[in-house]
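What's in final-v3.pdb: PDB, C-alpha atoms, pLDDT in the B column
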MODEL        1
ATOM      1  CA  MET A  90      19.934 -11.093   3.098  1.00 89.00           C
ATOM      2  CA  SER A  91      16.704  -9.671   4.401  1.00 92.00           C
ATOM      3  CA  LYS A  92      16.286  -7.946   7.743  1.00 95.00           C
ATOM      4  CA  MET A  93      13.907  -9.661  10.129  1.00 94.00           C
ATOM      5  CA  LEU A  94      12.074  -7.092  12.214  1.00 95.00           C
ATOM      6  CA  GLN A  95       9.283  -8.151  14.540  1.00 96.00           C
ATOM      7  CA  PHE A  96       6.199  -5.954  14.870  1.00 96.00           C
ATOM      8  CA  THR A  97       7.410  -4.745  18.258  1.00 96.00           C
ATOM      9  CA  ASP A  98      10.776  -3.730  16.755  1.00 96.00           C
ATOM     10  CA  ILE A  99       9.096  -1.211  14.478  1.00 98.00           C
ATOM     11  CA  ALA A 100       8.258   2.343  15.517  1.00 98.00           C
ATOM     12  CA  VAL A 101       6.400   5.188  13.858  1.00 97.00           C
ATOM     13  CA  GLY A 102       9.007   7.405  12.227  1.00 98.00           C
ATOM     14  CA  GLN A 103      11.382   4.525  11.545  1.00 98.00           C
ATOM     15  CA  ALA A 104      12.707   4.595   7.992  1.00 98.00           C
ATOM     16  CA  ALA A 105      14.687   2.487   5.558  1.00 98.00           C
ATOM     17  CA  SER A 106      16.025   3.150   2.107  1.00 98.00           C
ATOM     18  CA  PHE A 107      18.347   1.898  -0.582  1.00 98.00           C
ATOM     19  CA  GLU A 108      19.856   3.259  -3.754  1.00 98.00           C
ATOM     20  CA  THR A 109      19.938   1.356  -6.990  1.00 98.00           C
ATOM     21  CA  LEU A 110      21.066   1.887 -10.556  1.00 98.00           C
ATOM     22  CA  ILE A 111      18.373   1.072 -13.120  1.00 98.00           C
ATOM     23  CA  ALA A 112      20.223  -1.166 -15.537  1.00 98.00           C
ATOM     24  CA  GLU A 113      19.112  -1.704 -19.111  1.00 97.00           C
ATOM     25  CA  GLU A 114      19.067  -5.455 -18.483  1.00 97.00           C
ATOM     26  CA  ALA A 115      16.641  -4.986 -15.592  1.00 97.00           C
ATOM     27  CA  VAL A 116      14.214  -3.036 -17.767  1.00 98.00           C
ATOM     28  CA  ALA A 117      14.449  -5.665 -20.495  1.00 97.00           C
ATOM     29  CA  SER A 118      13.861  -8.426 -17.948  1.00 98.00           C
ATOM     30  CA  PHE A 119      10.901  -6.587 -16.443  1.00 98.00           C
ATOM     31  CA  ALA A 120       9.378  -6.131 -19.909  1.00 98.00           C
ATOM     32  CA  LYS A 121       9.582  -9.877 -20.517  1.00 98.00           C
ATOM     33  CA  LEU A 122       8.432 -10.792 -17.028  1.00 97.00           C
ATOM     34  CA  SER A 123       5.415  -8.491 -17.047  1.00 97.00           C
ATOM     35  CA  GLY A 124       4.636  -8.768 -20.736  1.00 98.00           C
ATOM     36  CA  ASP A 125       4.607  -4.970 -20.952  1.00 98.00           C
ATOM     37  CA  GLU A 126       6.755  -4.553 -24.043  1.00 98.00           C
ATOM     38  CA  ASN A 127       5.331  -1.159 -24.913  1.00 98.00           C
ATOM     39  CA  PRO A 128       7.856   0.516 -27.272  1.00 98.00           C
ATOM     40  CA  LEU A 129       8.163   3.472 -24.922  1.00 98.00           C
ATOM     41  CA  HIS A 130       9.973   1.047 -22.614  1.00 98.00           C
ATOM     42  CA  VAL A 131      11.806  -1.239 -25.034  1.00 97.00           C
ATOM     43  CA  ASP A 132      12.281   0.490 -28.407  1.00 98.00           C
ATOM     44  CA  GLU A 133      14.783   3.332 -28.421  1.00 97.00           C
ATOM     45  CA  SER A 134      13.946   4.340 -32.001  1.00 98.00           C
ATOM     46  CA  TYR A 135      10.317   4.841 -30.991  1.00 98.00           C
ATOM     47  CA  ALA A 136      11.098   6.439 -27.637  1.00 98.00           C
ATOM     48  CA  VAL A 137      13.220   9.212 -29.215  1.00 98.00           C
ATOM     49  CA  THR A 138      10.147  10.370 -31.117  1.00 98.00           C
ATOM     50  CA  THR A 139       8.199  10.917 -27.901  1.00 98.00           C
ATOM     51  CA  GLN A 140       8.249  13.870 -25.533  1.00 97.00           C
ATOM     52  CA  PHE A 141      10.654  11.923 -23.321  1.00 97.00           C
ATOM     53  CA  GLY A 142      13.377  11.556 -25.945  1.00 97.00           C
ATOM     54  CA  LYS A 143      14.463   8.170 -24.638  1.00 97.00           C
ATOM     55  CA  ARG A 144      13.080   5.009 -23.122  1.00 98.00           C
ATOM     56  CA  VAL A 145      11.060   5.400 -19.932  1.00 98.00           C
ATOM     57  CA  VAL A 146      11.346   2.823 -17.166  1.00 98.00           C
ATOM     58  CA  HIS A 147       8.118   0.969 -16.375  1.00 98.00           C
ATOM     59  CA  GLY A 148       6.352   2.604 -13.456  1.00 98.00           C
ATOM     60  CA  MET A 149       5.700  -0.786 -11.966  1.00 98.00           C
ATOM     61  CA  TYR A 150       9.396  -1.578 -12.026  1.00 98.00           C
ATOM     62  CA  LEU A 151       9.615   1.166  -9.432  1.00 98.00           C
ATOM     63  CA  GLY A 152       6.674  -0.526  -7.745  1.00 98.00           C
ATOM     64  CA  ALA A 153       8.660  -3.760  -7.693  1.00 98.00           C
ATOM     65  CA  LEU A 154      11.502  -1.932  -5.972  1.00 98.00           C
ATOM     66  CA  VAL A 155       9.033  -0.944  -3.267  1.00 98.00           C
ATOM     67  CA  SER A 156       8.343  -4.652  -2.835  1.00 98.00           C
ATOM     68  CA  ARG A 157      12.109  -5.094  -2.342  1.00 98.00           C
ATOM     69  CA  LEU A 158      12.130  -2.364   0.297  1.00 98.00           C
ATOM     70  CA  VAL A 159       9.304  -3.985   2.233  1.00 98.00           C
ATOM     71  CA  GLY A 160      10.453  -7.558   1.794  1.00 98.00           C
ATOM     72  CA  MET A 161      14.140  -7.001   2.431  1.00 98.00           C
ATOM     73  CA  GLU A 162      14.463  -3.934   4.649  1.00 98.00           C
ATOM     74  CA  LEU A 163      11.349  -2.805   6.502  1.00 97.00           C
ATOM     75  CA  PRO A 164       9.834  -4.982   7.891  1.00 97.00           C
ATOM     76  CA  GLY A 165      11.898  -7.584   5.976  1.00 97.00           C
ATOM     77  CA  THR A 166      11.531 -11.343   6.232  1.00 97.00           C
ATOM     78  CA  LYS A 167       8.234 -11.326   8.124  1.00 97.00           C
ATOM     79  CA  ALA A 168       6.500  -8.804   5.860  1.00 97.00           C
ATOM     80  CA  LEU A 169       3.434  -9.581   3.802  1.00 97.00           C
ATOM     81  CA  LEU A 170       2.559  -6.743   1.454  1.00 96.00           C
ATOM     82  CA  VAL A 171      -1.197  -6.172   1.402  1.00 95.00           C
ATOM     83  CA  ARG A 172      -1.566  -2.844  -0.373  1.00 96.00           C
ATOM     84  CA  GLU A 173       0.640  -0.635  -2.493  1.00 97.00           C
ATOM     85  CA  SER A 174      -0.345   2.630  -4.106  1.00 97.00           C
ATOM     86  CA  LEU A 175       1.978   4.895  -6.057  1.00 98.00           C
ATOM     87  CA  THR A 176       1.543   8.155  -7.891  1.00 98.00           C
ATOM     88  CA  PHE A 177       4.125   8.793 -10.583  1.00 98.00           C
ATOM     89  CA  LYS A 178       5.382  12.353 -10.682  1.00 98.00           C
ATOM     90  CA  GLY A 179       8.051  12.071 -13.348  1.00 97.00           C
ATOM     91  CA  PRO A 180       9.730   9.513 -15.607  1.00 98.00           C
ATOM     92  CA  ALA A 181      12.669   7.381 -14.579  1.00 98.00           C
ATOM     93  CA  PHE A 182      15.227   6.471 -17.224  1.00 98.00           C
ATOM     94  CA  ILE A 183      17.726   3.687 -17.820  1.00 98.00           C
ATOM     95  CA  ASN A 184      21.015   4.336 -15.976  1.00 98.00           C
ATOM     96  CA  ASP A 185      19.304   6.576 -13.408  1.00 98.00           C
ATOM     97  CA  THR A 186      20.393   6.033  -9.834  1.00 98.00           C
ATOM     98  CA  ILE A 187      17.324   6.287  -7.665  1.00 98.00           C
ATOM     99  CA  GLU A 188      16.609   6.109  -3.963  1.00 98.00           C
ATOM    100  CA  VAL A 189      13.637   4.138  -2.642  1.00 98.00           C
ATOM    101  CA  ARG A 190      12.654   5.216   0.859  1.00 98.00           C
ATOM    102  CA  GLY A 191       9.913   4.150   3.237  1.00 98.00           C
ATOM    103  CA  GLU A 192       8.939   5.650   6.581  1.00 98.00           C
ATOM    104  CA  VAL A 193       6.528   4.117   9.054  1.00 98.00           C
ATOM    105  CA  THR A 194       3.542   6.418   9.520  1.00 97.00           C
ATOM    106  CA  ARG A 195       1.136   4.119  11.380  1.00 96.00           C
ATOM    107  CA  LYS A 196       1.088   0.858  13.301  1.00 96.00           C
ATOM    108  CA  SER A 197      -2.031  -1.150  13.927  1.00 95.00           C
ATOM    109  CA  GLU A 198      -1.559  -3.376  16.950  1.00 93.00           C
ATOM    110  CA  ALA A 199      -4.757  -5.309  16.326  1.00 92.00           C
ATOM    111  CA  LEU A 200      -3.857  -6.107  12.741  1.00 94.00           C
ATOM    112  CA  GLN A 201      -0.078  -6.363  13.236  1.00 95.00           C
ATOM    113  CA  LEU A 202       0.017  -4.012  10.278  1.00 96.00           C
ATOM    114  CA  VAL A 203       2.387  -1.183   9.439  1.00 97.00           C
ATOM    115  CA  THR A 204       1.817   1.682   7.025  1.00 97.00           C
ATOM    116  CA  LEU A 205       4.810   3.170   5.222  1.00 98.00           C
ATOM    117  CA  SER A 206       4.909   6.358   3.195  1.00 98.00           C
ATOM    118  CA  ILE A 207       7.007   5.766   0.105  1.00 98.00           C
ATOM    119  CA  THR A 208       9.155   8.218  -1.783  1.00 98.00           C
ATOM    120  CA  ILE A 209      11.246   7.407  -4.848  1.00 98.00           C
ATOM    121  CA  THR A 210      13.706  10.083  -5.848  1.00 98.00           C
ATOM    122  CA  ARG A 211      16.505  10.773  -8.316  1.00 98.00           C
ATOM    123  CA  GLN A 212      19.007  13.238  -6.891  1.00 97.00           C
ATOM    124  CA  GLY A 213      16.269  14.742  -4.756  1.00 95.00           C
ATOM    125  CA  GLU A 214      13.671  14.934  -7.506  1.00 98.00           C
ATOM    126  CA  VAL A 215      10.549  13.015  -6.584  1.00 98.00           C
ATOM    127  CA  LEU A 216       9.693  10.448  -9.245  1.00 98.00           C
ATOM    128  CA  ALA A 217       6.969   8.637  -7.337  1.00 98.00           C
ATOM    129  CA  GLU A 218       5.328   8.683  -3.950  1.00 98.00           C
ATOM    130  CA  GLY A 219       2.721   6.620  -2.256  1.00 98.00           C
ATOM    131  CA  GLU A 220       1.900   4.267   0.556  1.00 97.00           C
ATOM    132  CA  VAL A 221       2.172   0.609   1.400  1.00 98.00           C
ATOM    133  CA  LEU A 222       0.498  -1.516   4.033  1.00 97.00           C
ATOM    134  CA  ALA A 223       2.245  -4.647   5.199  1.00 97.00           C
ATOM    135  CA  THR A 224       1.388  -7.129   7.883  1.00 97.00           C
ATOM    136  CA  VAL A 225       4.183  -8.452  10.050  1.00 97.00           C
ATOM    137  CA  LEU A 226       3.814 -12.192  10.382  1.00 96.00           C
ATOM    138  CA  PRO A 227       4.369 -13.717  13.831  1.00 94.00           C
TER     139      PRO A 227
ATOM    140  CA  MET B 122     -13.502  12.996   6.037  1.00 89.00           C
ATOM    141  CA  LYS B 123     -15.252   9.870   4.852  1.00 94.00           C
ATOM    142  CA  THR B 124     -18.207   8.479   6.734  1.00 96.00           C
ATOM    143  CA  PHE B 125     -18.357   4.989   8.181  1.00 97.00           C
ATOM    144  CA  GLU B 126     -20.916   4.122   5.517  1.00 97.00           C
ATOM    145  CA  GLN B 127     -18.655   5.368   2.724  1.00 97.00           C
ATOM    146  CA  LEU B 128     -15.761   3.267   4.000  1.00 97.00           C
ATOM    147  CA  VAL B 129     -17.994   0.193   4.154  1.00 97.00           C
ATOM    148  CA  SER B 130     -19.330   0.906   0.680  1.00 97.00           C
ATOM    149  CA  GLU B 131     -15.882   1.358  -0.858  1.00 96.00           C
ATOM    150  CA  LYS B 132     -14.271  -1.648   0.739  1.00 95.00           C
ATOM    151  CA  PHE B 133     -17.116  -4.126   0.468  1.00 96.00           C
ATOM    152  CA  SER B 134     -18.636  -2.911  -2.804  1.00 96.00           C
ATOM    153  CA  ILE B 135     -22.142  -2.297  -1.571  1.00 96.00           C
ATOM    154  CA  PRO B 136     -24.210   0.860  -2.045  1.00 96.00           C
ATOM    155  CA  VAL B 137     -24.039   3.359   0.814  1.00 96.00           C
ATOM    156  CA  GLU B 138     -27.813   3.244   1.227  1.00 96.00           C
ATOM    157  CA  GLU B 139     -27.650  -0.513   1.829  1.00 96.00           C
ATOM    158  CA  VAL B 140     -25.170  -0.283   4.720  1.00 97.00           C
ATOM    159  CA  ARG B 141     -26.897  -1.517   7.869  1.00 97.00           C
ATOM    160  CA  ASP B 142     -25.566  -2.396  11.294  1.00 97.00           C
ATOM    161  CA  GLU B 143     -26.829  -5.970  11.238  1.00 97.00           C
ATOM    162  CA  LEU B 144     -24.825  -6.889   8.127  1.00 97.00           C
ATOM    163  CA  SER B 145     -22.101  -9.489   8.648  1.00 96.00           C
ATOM    164  CA  SER B 146     -19.663 -11.474   6.548  1.00 94.00           C
ATOM    165  CA  LYS B 147     -22.541 -13.809   5.690  1.00 95.00           C
ATOM    166  CA  ASP B 148     -24.409 -10.958   4.019  1.00 96.00           C
ATOM    167  CA  ILE B 149     -21.516  -9.252   2.236  1.00 96.00           C
ATOM    168  CA  PRO B 150     -19.783 -11.361  -0.442  1.00 95.00           C
ATOM    169  CA  ASP B 151     -16.668  -9.144  -0.444  1.00 94.00           C
ATOM    170  CA  TRP B 152     -16.197  -9.482   3.336  1.00 95.00           C
ATOM    171  CA  ASP B 153     -13.241 -11.862   3.313  1.00 94.00           C
ATOM    172  CA  SER B 154     -10.290 -11.851   5.671  1.00 91.00           C
ATOM    173  CA  MET B 155      -8.108  -9.610   3.505  1.00 92.00           C
ATOM    174  CA  ASN B 156     -10.821  -7.068   2.769  1.00 93.00           C
ATOM    175  CA  TYR B 157     -11.766  -7.007   6.436  1.00 94.00           C
ATOM    176  CA  LEU B 158      -8.148  -6.334   7.374  1.00 94.00           C
ATOM    177  CA  LEU B 159      -7.935  -3.475   4.888  1.00 94.00           C
ATOM    178  CA  PHE B 160     -11.311  -2.125   6.019  1.00 96.00           C
ATOM    179  CA  ILE B 161     -10.221  -2.025   9.651  1.00 96.00           C
ATOM    180  CA  ALA B 162      -6.944  -0.360   8.614  1.00 95.00           C
ATOM    181  CA  ASP B 163      -8.894   2.298   6.717  1.00 95.00           C
ATOM    182  CA  VAL B 164     -11.280   2.855   9.629  1.00 97.00           C
ATOM    183  CA  GLU B 165      -8.362   3.235  12.051  1.00 96.00           C
ATOM    184  CA  LYS B 166      -6.704   5.755   9.761  1.00 94.00           C
ATOM    185  CA  GLU B 167      -9.854   7.716   8.912  1.00 96.00           C
ATOM    186  CA  PHE B 168     -10.982   8.125  12.516  1.00 97.00           C
ATOM    187  CA  SER B 169      -7.498   8.180  14.101  1.00 95.00           C
ATOM    188  CA  VAL B 170      -8.239   5.292  16.449  1.00 96.00           C
ATOM    189  CA  SER B 171      -6.640   1.972  17.294  1.00 94.00           C
ATOM    190  CA  PHE B 172      -8.619  -1.176  17.857  1.00 95.00           C
ATOM    191  CA  SER B 173      -7.652  -3.958  20.194  1.00 94.00           C
ATOM    192  CA  MET B 174      -7.251  -7.511  18.992  1.00 91.00           C
ATOM    193  CA  ASP B 175     -10.463  -8.464  20.811  1.00 92.00           C
ATOM    194  CA  GLU B 176     -12.408  -5.693  19.094  1.00 93.00           C
ATOM    195  CA  VAL B 177     -11.198  -6.753  15.676  1.00 93.00           C
ATOM    196  CA  LEU B 178     -11.684 -10.478  16.162  1.00 90.00           C
ATOM    197  CA  GLY B 179     -14.924 -10.111  18.098  1.00 90.00           C
ATOM    198  CA  ALA B 180     -16.693  -7.874  15.605  1.00 92.00           C
ATOM    199  CA  SER B 181     -19.253 -10.049  13.877  1.00 92.00           C
ATOM    200  CA  THR B 182     -21.333  -7.279  12.302  1.00 96.00           C
ATOM    201  CA  LEU B 183     -20.859  -3.752  11.028  1.00 97.00           C
ATOM    202  CA  GLY B 184     -22.757  -2.646  14.106  1.00 97.00           C
ATOM    203  CA  SER B 185     -20.083  -4.193  16.353  1.00 96.00           C
ATOM    204  CA  ILE B 186     -17.456  -2.068  14.660  1.00 96.00           C
ATOM    205  CA  ARG B 187     -19.616   1.029  14.897  1.00 96.00           C
ATOM    206  CA  GLU B 188     -20.112   0.373  18.615  1.00 96.00           C
ATOM    207  CA  ALA B 189     -16.360  -0.024  19.113  1.00 96.00           C
ATOM    208  CA  LEU B 190     -15.851   3.324  17.407  1.00 97.00           C
ATOM    209  CA  ARG B 191     -18.485   5.003  19.563  1.00 97.00           C
ATOM    210  CA  ALA B 192     -16.789   3.586  22.659  1.00 96.00           C
ATOM    211  CA  LYS B 193     -13.689   5.485  21.557  1.00 96.00           C
ATOM    212  CA  GLY B 194     -15.634   8.722  21.281  1.00 96.00           C
ATOM    213  CA  VAL B 195     -16.124   8.689  17.522  1.00 96.00           C
ATOM    214  CA  GLU B 196     -19.530   9.910  16.405  1.00 93.00           C
ATOM    215  CA  VAL B 197     -20.643   7.448  13.746  1.00 91.00           C
TER     216      VAL B 197
ENDMDL
END
I need this file expressed as structure tokens, please.
Amino acid sequence: MSKMLQFTDIAVGQAASFETLIAEEAVASFAKLSGDENPLHVDESYAVTTQFGKRVVHGMYLGALVSRLVGMELPGTKALLVRESLTFKGPAFINDTIEVRGEVTRKSEALQLVTLSITITRQGEVLAEGEVLATVLP
Amino acid sequence: MKTFEQLVSEKFSIPVEEVRDELSSKDIPDWDSMNYLLFIADVEKEFSVSFSMDEVLGASTLGSIREALRAKGVEV
């Protein structure tokens, strides 16, 4: 169940996070859903021939987890995501447990908009970082 | 730091040299509600200012936004 923070409930410095295991089924589902069935993501026999040695999780699957953070945790129910940017620092793999964390860095009163810095890590190693902007609906 | 003109150019897809204070949403095809929201967010971040609701809703031209920035001590 999603949190339901109002704009006034949110403060600069406030943070939220969750951990999740990247299941093989989730990667397969994301490949079908997005249509990105690149063999690096879905074909183990191909992936072992690459520099990664195994299948790499879609970067935008991590991006989708950021959507979960915003839509379910901070701000939650009243959030409307208006911008997301991520820079990928390293590959995520199937069966990794990752942490998705967002911290409020700005609030715009006039726009009822919050800015969150995003960090996605695996045991402290940064896999992706970026920023999201979300409006908080009245 | 980006200039006001650069922010306008990037967000509304018009050349920097064509940015003029009298331009409004009627003159700029990309000036829709979402782009305007993102533009104001970028301006607030770039110049470390916060606009009031009245300033945001009352700004009908680029010049209105520039004036609001100047009123906050930003040289643009």
Give me the result of the ChimeraX specification (/B :<12) & /A on this file, residue by residue, as a PDB file with C-alpha atoms, in the coordinates of the input.
ATOM      1  CA  LEU A 169       3.434  -9.581   3.802  1.00 97.00           C
ATOM      2  CA  LEU A 170       2.559  -6.743   1.454  1.00 96.00           C
ATOM      3  CA  VAL A 171      -1.197  -6.172   1.402  1.00 95.00           C
ATOM      4  CA  ARG A 172      -1.566  -2.844  -0.373  1.00 96.00           C
ATOM      5  CA  GLU A 173       0.640  -0.635  -2.493  1.00 97.00           C
ATOM      6  CA  THR A 194       3.542   6.418   9.520  1.00 97.00           C
ATOM      7  CA  ARG A 195       1.136   4.119  11.380  1.00 96.00           C
ATOM      8  CA  LYS A 196       1.088   0.858  13.301  1.00 96.00           C
ATOM      9  CA  SER A 197      -2.031  -1.150  13.927  1.00 95.00           C
ATOM     10  CA  GLU A 198      -1.559  -3.376  16.950  1.00 93.00           C
ATOM     11  CA  ALA A 199      -4.757  -5.309  16.326  1.00 92.00           C
ATOM     12  CA  LEU A 200      -3.857  -6.107  12.741  1.00 94.00           C
ATOM     13  CA  GLN A 201      -0.078  -6.363  13.236  1.00 95.00           C
ATOM     14  CA  LEU A 202       0.017  -4.012  10.278  1.00 96.00           C
ATOM     15  CA  VAL A 203       2.387  -1.183   9.439  1.00 97.00           C
ATOM     16  CA  THR A 204       1.817   1.682   7.025  1.00 97.00           C
ATOM     17  CA  VAL A 221       2.172   0.609   1.400  1.00 98.00           C
ATOM     18  CA  LEU A 222       0.498  -1.516   4.033  1.00 97.00           C
ATOM     19  CA  ALA A 223       2.245  -4.647   5.199  1.00 97.00           C
ATOM     20  CA  THR A 224       1.388  -7.129   7.883  1.00 97.00           C
TER      21      THR A 224
END
Selection dump of the PyMOL selection byres ((chain B and resi 188) around 12), as a ChimeraX atom specification: /B:125,142-143,172,176-177,179-187,189-197
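The coordinates place CA of Leu151 in chain A at 13.0 Å from CA of Ser123 in chain A.
Counting from CA of Leu175 in chain A, the distance to CA of Glu218 in chain A is 5.5 Å.
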Evaluating the PyMOL selection byres ((chain B and resi 131) around 12) on the displayed file yields which residues, as a PyMOL selection string? chain B and resi 123-130+132-137+140+151-152+156-157+159-160+163-164
What would the file look like if the residues just selected were written as an mmCIF file, in the frame of the given file with C-alpha atoms?
data_model
loop_
_atom_site.group_PDB
_atom_site.id
_atom_site.type_symbol
_atom_site.label_atom_id
_atom_site.label_comp_id
_atom_site.auth_asym_id
_atom_site.auth_seq_id
_atom_site.Cartn_x
_atom_site.Cartn_y
_atom_site.Cartn_z
ATOM 1 C CA LYS B 123 -15.252 9.870 4.852
ATOM 2 C CA THR B 124 -18.207 8.479 6.734
ATOM 3 C CA PHE B 125 -18.357 4.989 8.181
ATOM 4 C CA GLU B 126 -20.916 4.122 5.517
ATOM 5 C CA GLN B 127 -18.655 5.368 2.724
ATOM 6 C CA LEU B 128 -15.761 3.267 4.000
ATOM 7 C CA VAL B 129 -17.994 0.193 4.154
ATOM 8 C CA SER B 130 -19.330 0.906 0.680
ATOM 9 C CA LYS B 132 -14.271 -1.648 0.739
ATOM 10 C CA PHE B 133 -17.116 -4.126 0.468
ATOM 11 C CA SER B 134 -18.636 -2.911 -2.804
ATOM 12 C CA ILE B 135 -22.142 -2.297 -1.571
ATOM 13 C CA PRO B 136 -24.210 0.860 -2.045
ATOM 14 C CA VAL B 137 -24.039 3.359 0.814
ATOM 15 C CA VAL B 140 -25.170 -0.283 4.720
ATOM 16 C CA ASP B 151 -16.668 -9.144 -0.444
ATOM 17 C CA TRP B 152 -16.197 -9.482 3.336
ATOM 18 C CA ASN B 156 -10.821 -7.068 2.769
ATOM 19 C CA TYR B 157 -11.766 -7.007 6.436
ATOM 20 C CA LEU B 159 -7.935 -3.475 4.888
ATOM 21 C CA PHE B 160 -11.311 -2.125 6.019
ATOM 22 C CA ASP B 163 -8.894 2.298 6.717
ATOM 23 C CA VAL B 164 -11.280 2.855 9.629
#
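CA of Glu220 in chain A is positioned 5.6 Å from CA of Leu205 in chain A.
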For Lys92 in chain A, the closest of A:Ile183, A:Val225, A:Leu163, A:Val137 counting all atoms listed in the file is A:Leu163
